[in-house]
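Step one of this worksheet: look at the structure below.
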Amino acid sequence: TWEAVTLRTADGETLGAWNHPGNVSKPAVVLLHGNGASRSALAPQMEWLAERDYGVLAVTLRAHGDST
């Protein structure tokens, strides 16, 4: 299960993200994409981790995708 979330930065920007809570007994992983991409480019890694019940937060960086 993936949840769309919005992160707010200290200087007032917003970052789009998807969260998969996973199993609390496993590590959580933060995924960041490369320049000129967005979090959707990380779909294979996101699904691999989610299938193994890791917590995942995939973030779209500033000035990319739905982030300001």
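As shown in the structure tokens, the chain order sets the letters A, B, ...; within each chain, residues go from 1, and ligands are also counted from 1 in the order they appear.
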Which of chain A DSSP labels alpha helix (DSSP H), written as a CSV table (one decimal) with C-alpha atoms, in the first residue's frame:
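Heads up, here's the output in part-v8.csv:
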chain,number,residue,atom,x,y,z
A,43,ALA,CA,9.4,2.3,-9.3
A,44,PRO,CA,11.4,-1.0,-9.7
A,45,GLN,CA,13.3,-0.3,-6.5
A,46,MET,CA,10.2,0.8,-4.7
A,47,GLU,CA,8.3,-2.3,-5.6
A,48,TRP,CA,11.2,-4.6,-4.7
A,49,LEU,CA,11.5,-3.1,-1.2
A,50,ALA,CA,7.7,-3.0,-0.7
A,51,GLU,CA,7.3,-6.7,-1.7
>> Can you pull out the residues contacting range 1-5 of chain A? Cut-off 7 Å, using only C-alpha atoms, and skip same-chain residues under 3 positions away; I want them as a ChimeraX atom specification.
In response: /A:16-20
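For the pair CA of Ser38 in chain A and CA of Arg62 in chain A, the interatomic distance is 9.8 Å.
Taking only C-alpha atoms, the non-local environment of range 25-32 of chain A within 6 Å (same-chain residues fewer than 2 positions away omitted) comprises Asn23, Tyr54, Gly55, Val56, Leu57, Ala58 and Val59 of chain A.
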Can you write out the residues you just picked, keeping N, CA, C and O atoms, as a short mmCIF file (atom, residue, chain, number, x, y, z; two decimals), in the first residue's frame?
data_model
loop_
_atom_site.label_atom_id
_atom_site.label_comp_id
_atom_site.auth_asym_id
_atom_site.auth_seq_id
_atom_site.Cartn_x
_atom_site.Cartn_y
_atom_site.Cartn_z
N ASN A 23 6.98 -3.11 7.52
CA ASN A 23 6.98 -3.80 8.81
C ASN A 23 7.92 -3.05 9.75
O ASN A 23 9.08 -2.82 9.41
N TYR A 54 9.71 -3.72 3.50
CA TYR A 54 10.51 -2.63 4.06
C TYR A 54 9.68 -1.35 4.04
O TYR A 54 8.84 -1.16 3.16
N GLY A 55 9.93 -0.47 4.98
CA GLY A 55 9.36 0.86 4.92
C GLY A 55 10.08 1.64 3.84
O GLY A 55 11.30 1.56 3.73
N VAL A 56 9.33 2.38 3.02
CA VAL A 56 9.93 3.12 1.92
C VAL A 56 9.33 4.52 1.86
O VAL A 56 8.11 4.68 1.93
N LEU A 57 10.19 5.52 1.71
CA LEU A 57 9.76 6.88 1.42
C LEU A 57 10.50 7.30 0.16
O LEU A 57 11.73 7.39 0.15
N ALA A 58 9.76 7.49 -0.93
CA ALA A 58 10.33 7.92 -2.21
C ALA A 58 9.97 9.39 -2.40
O ALA A 58 8.79 9.73 -2.46
N VAL A 59 10.97 10.24 -2.51
CA VAL A 59 10.78 11.69 -2.53
C VAL A 59 11.16 12.25 -3.90
O VAL A 59 12.16 11.84 -4.48
#
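Of the residues under consideration (A:Ala37, A:Leu42, A:Leu7, A:Val24), A:Ala37 shows the shortest atom-to-atom contact distance to Gly65 in chain A when counting only C-alpha atoms.
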Among chain A, which residues carry a DSSP assignment of strand (DSSP E or B), reported as a short mmCIF file (atom, residue, chain, number, x, y, z; two decimals) with all heavy atoms, in the first residue's frame?
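Saved file result30.cif follows:
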data_model
loop_
_atom_site.label_atom_id
_atom_site.label_comp_id
_atom_site.auth_asym_id
_atom_site.auth_seq_id
_atom_site.Cartn_x
_atom_site.Cartn_y
_atom_site.Cartn_z
N GLU A 3 0.99 5.52 0.01
CA GLU A 3 0.25 6.73 0.37
C GLU A 3 1.00 7.93 -0.19
O GLU A 3 2.21 8.06 -0.03
CB GLU A 3 0.19 6.84 1.90
CG GLU A 3 -0.44 8.11 2.39
CD GLU A 3 -0.33 8.27 3.89
OE1 GLU A 3 0.40 7.50 4.55
OE2 GLU A 3 -0.98 9.19 4.40
N ALA A 4 0.28 8.82 -0.88
CA ALA A 4 0.87 10.07 -1.36
C ALA A 4 0.96 11.02 -0.17
O ALA A 4 0.00 11.21 0.57
CB ALA A 4 0.02 10.67 -2.46
N VAL A 5 2.13 11.60 0.02
CA VAL A 5 2.34 12.56 1.11
C VAL A 5 3.05 13.80 0.57
O VAL A 5 3.69 13.75 -0.48
CB VAL A 5 3.16 11.95 2.28
CG1 VAL A 5 2.41 10.81 2.94
CG2 VAL A 5 4.52 11.49 1.81
N THR A 6 2.89 14.89 1.28
CA THR A 6 3.59 16.13 0.95
C THR A 6 4.46 16.51 2.12
O THR A 6 3.98 16.59 3.26
CB THR A 6 2.57 17.26 0.67
OG1 THR A 6 1.73 16.86 -0.42
CG2 THR A 6 3.28 18.54 0.29
N LEU A 7 5.74 16.71 1.85
CA LEU A 7 6.68 17.14 2.88
C LEU A 7 6.87 18.65 2.75
O LEU A 7 6.98 19.17 1.64
CB LEU A 7 8.01 16.42 2.70
CG LEU A 7 7.95 14.89 2.62
CD1 LEU A 7 9.31 14.33 2.30
CD2 LEU A 7 7.40 14.31 3.89
N ARG A 8 6.94 19.34 3.87
CA ARG A 8 7.17 20.78 3.85
C ARG A 8 8.56 21.07 4.40
O ARG A 8 8.94 20.55 5.45
CB ARG A 8 6.12 21.48 4.68
CG ARG A 8 4.72 21.19 4.18
CD ARG A 8 3.75 22.30 4.45
NE ARG A 8 2.40 21.94 4.03
CZ ARG A 8 1.95 21.95 2.78
NH1 ARG A 8 2.75 22.31 1.82
NH2 ARG A 8 0.72 21.61 2.51
N THR A 14 7.50 22.64 -0.93
CA THR A 14 6.82 21.36 -0.74
C THR A 14 7.47 20.30 -1.62
O THR A 14 7.87 20.59 -2.75
CB THR A 14 5.32 21.45 -1.06
OG1 THR A 14 5.15 21.85 -2.42
CG2 THR A 14 4.61 22.42 -0.14
N LEU A 15 7.59 19.11 -1.10
CA LEU A 15 8.15 17.97 -1.81
C LEU A 15 7.11 16.87 -1.88
O LEU A 15 6.56 16.47 -0.85
CB LEU A 15 9.40 17.44 -1.10
CG LEU A 15 10.52 18.44 -0.82
CD1 LEU A 15 11.64 17.76 -0.05
CD2 LEU A 15 11.03 19.07 -2.09
N GLY A 16 6.83 16.41 -3.09
CA GLY A 16 5.92 15.28 -3.24
C GLY A 16 6.64 13.99 -2.87
O GLY A 16 7.84 13.85 -3.10
N ALA A 17 5.91 13.05 -2.29
CA ALA A 17 6.51 11.79 -1.88
C ALA A 17 5.46 10.69 -1.85
O ALA A 17 4.25 10.97 -1.79
CB ALA A 17 7.17 11.92 -0.51
N TRP A 18 5.92 9.46 -1.91
CA TRP A 18 5.08 8.29 -1.70
C TRP A 18 5.66 7.53 -0.52
O TRP A 18 6.88 7.37 -0.41
CB TRP A 18 5.06 7.39 -2.92
CG TRP A 18 4.36 7.97 -4.10
CD1 TRP A 18 3.27 8.80 -4.10
CD2 TRP A 18 4.70 7.78 -5.46
NE1 TRP A 18 2.91 9.12 -5.37
CE2 TRP A 18 3.78 8.51 -6.24
CE3 TRP A 18 5.70 7.07 -6.12
CZ2 TRP A 18 3.82 8.54 -7.63
CZ3 TRP A 18 5.74 7.09 -7.51
CH2 TRP A 18 4.80 7.82 -8.24
N ASN A 19 4.79 7.05 0.34
CA ASN A 19 5.21 6.33 1.55
C ASN A 19 4.59 4.94 1.57
O ASN A 19 3.41 4.78 1.29
CB ASN A 19 4.78 7.11 2.79
CG ASN A 19 5.23 6.43 4.06
OD1 ASN A 19 6.40 6.21 4.27
ND2 ASN A 19 4.27 6.08 4.90
N HIS A 20 5.41 3.97 1.91
CA HIS A 20 4.96 2.60 2.18
C HIS A 20 5.44 2.28 3.59
O HIS A 20 6.66 2.21 3.81
CB HIS A 20 5.56 1.62 1.17
CG HIS A 20 5.30 0.19 1.50
ND1 HIS A 20 4.07 -0.39 1.33
CD2 HIS A 20 6.10 -0.76 2.02
CE1 HIS A 20 4.14 -1.65 1.73
NE2 HIS A 20 5.36 -1.90 2.15
N ALA A 28 13.73 1.15 7.41
CA ALA A 28 13.04 2.03 6.45
C ALA A 28 14.10 2.59 5.50
O ALA A 28 15.24 2.84 5.88
CB ALA A 28 12.32 3.15 7.17
N VAL A 29 13.71 2.79 4.25
CA VAL A 29 14.62 3.25 3.21
C VAL A 29 14.07 4.53 2.59
O VAL A 29 12.88 4.60 2.26
CB VAL A 29 14.77 2.16 2.11
CG1 VAL A 29 15.70 2.62 1.01
CG2 VAL A 29 15.23 0.85 2.71
N VAL A 30 14.92 5.53 2.42
CA VAL A 30 14.56 6.76 1.71
C VAL A 30 15.18 6.68 0.33
O VAL A 30 16.39 6.47 0.20
CB VAL A 30 15.06 8.02 2.45
CG1 VAL A 30 14.74 9.27 1.66
CG2 VAL A 30 14.44 8.09 3.85
N LEU A 31 14.34 6.83 -0.71
CA LEU A 31 14.82 6.78 -2.09
C LEU A 31 14.78 8.17 -2.69
O LEU A 31 13.76 8.85 -2.62
CB LEU A 31 13.95 5.83 -2.92
CG LEU A 31 13.99 4.36 -2.54
CD1 LEU A 31 13.01 3.57 -3.40
CD2 LEU A 31 15.40 3.80 -2.70
N LEU A 32 15.89 8.57 -3.31
CA LEU A 32 16.00 9.86 -3.99
C LEU A 32 16.43 9.62 -5.42
O LEU A 32 17.38 8.88 -5.67
CB LEU A 32 17.03 10.75 -3.27
CG LEU A 32 16.75 11.01 -1.79
CD1 LEU A 32 17.94 11.73 -1.15
CD2 LEU A 32 15.47 11.81 -1.61
N GLY A 55 9.93 -0.47 4.98
CA GLY A 55 9.36 0.86 4.92
C GLY A 55 10.08 1.64 3.84
O GLY A 55 11.30 1.56 3.73
N VAL A 56 9.33 2.38 3.02
CA VAL A 56 9.93 3.12 1.92
C VAL A 56 9.33 4.52 1.86
O VAL A 56 8.11 4.68 1.93
CB VAL A 56 9.68 2.42 0.56
CG1 VAL A 56 10.34 3.19 -0.57
CG2 VAL A 56 10.17 0.98 0.59
N LEU A 57 10.19 5.52 1.71
CA LEU A 57 9.76 6.88 1.42
C LEU A 57 10.50 7.30 0.16
O LEU A 57 11.73 7.39 0.15
CB LEU A 57 10.09 7.83 2.57
CG LEU A 57 9.67 9.28 2.34
CD1 LEU A 57 8.14 9.39 2.31
CD2 LEU A 57 10.25 10.19 3.41
N ALA A 58 9.76 7.49 -0.93
CA ALA A 58 10.33 7.92 -2.21
C ALA A 58 9.97 9.39 -2.40
O ALA A 58 8.79 9.73 -2.46
CB ALA A 58 9.80 7.08 -3.35
N VAL A 59 10.97 10.24 -2.51
CA VAL A 59 10.78 11.69 -2.53
C VAL A 59 11.16 12.25 -3.90
O VAL A 59 12.16 11.84 -4.48
CB VAL A 59 11.65 12.36 -1.44
CG1 VAL A 59 11.46 13.87 -1.45
CG2 VAL A 59 11.34 11.78 -0.07
#
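Across the structure, CA of Thr60 in chain A and CA of His33 in chain A are spaced 7.0 Å apart.
Counting only C-alpha atoms, the residue from A:Pro21, A:Ala10, A:Arg39, A:Arg52 that sits nearest to Ser67 in chain A is A:Arg39.
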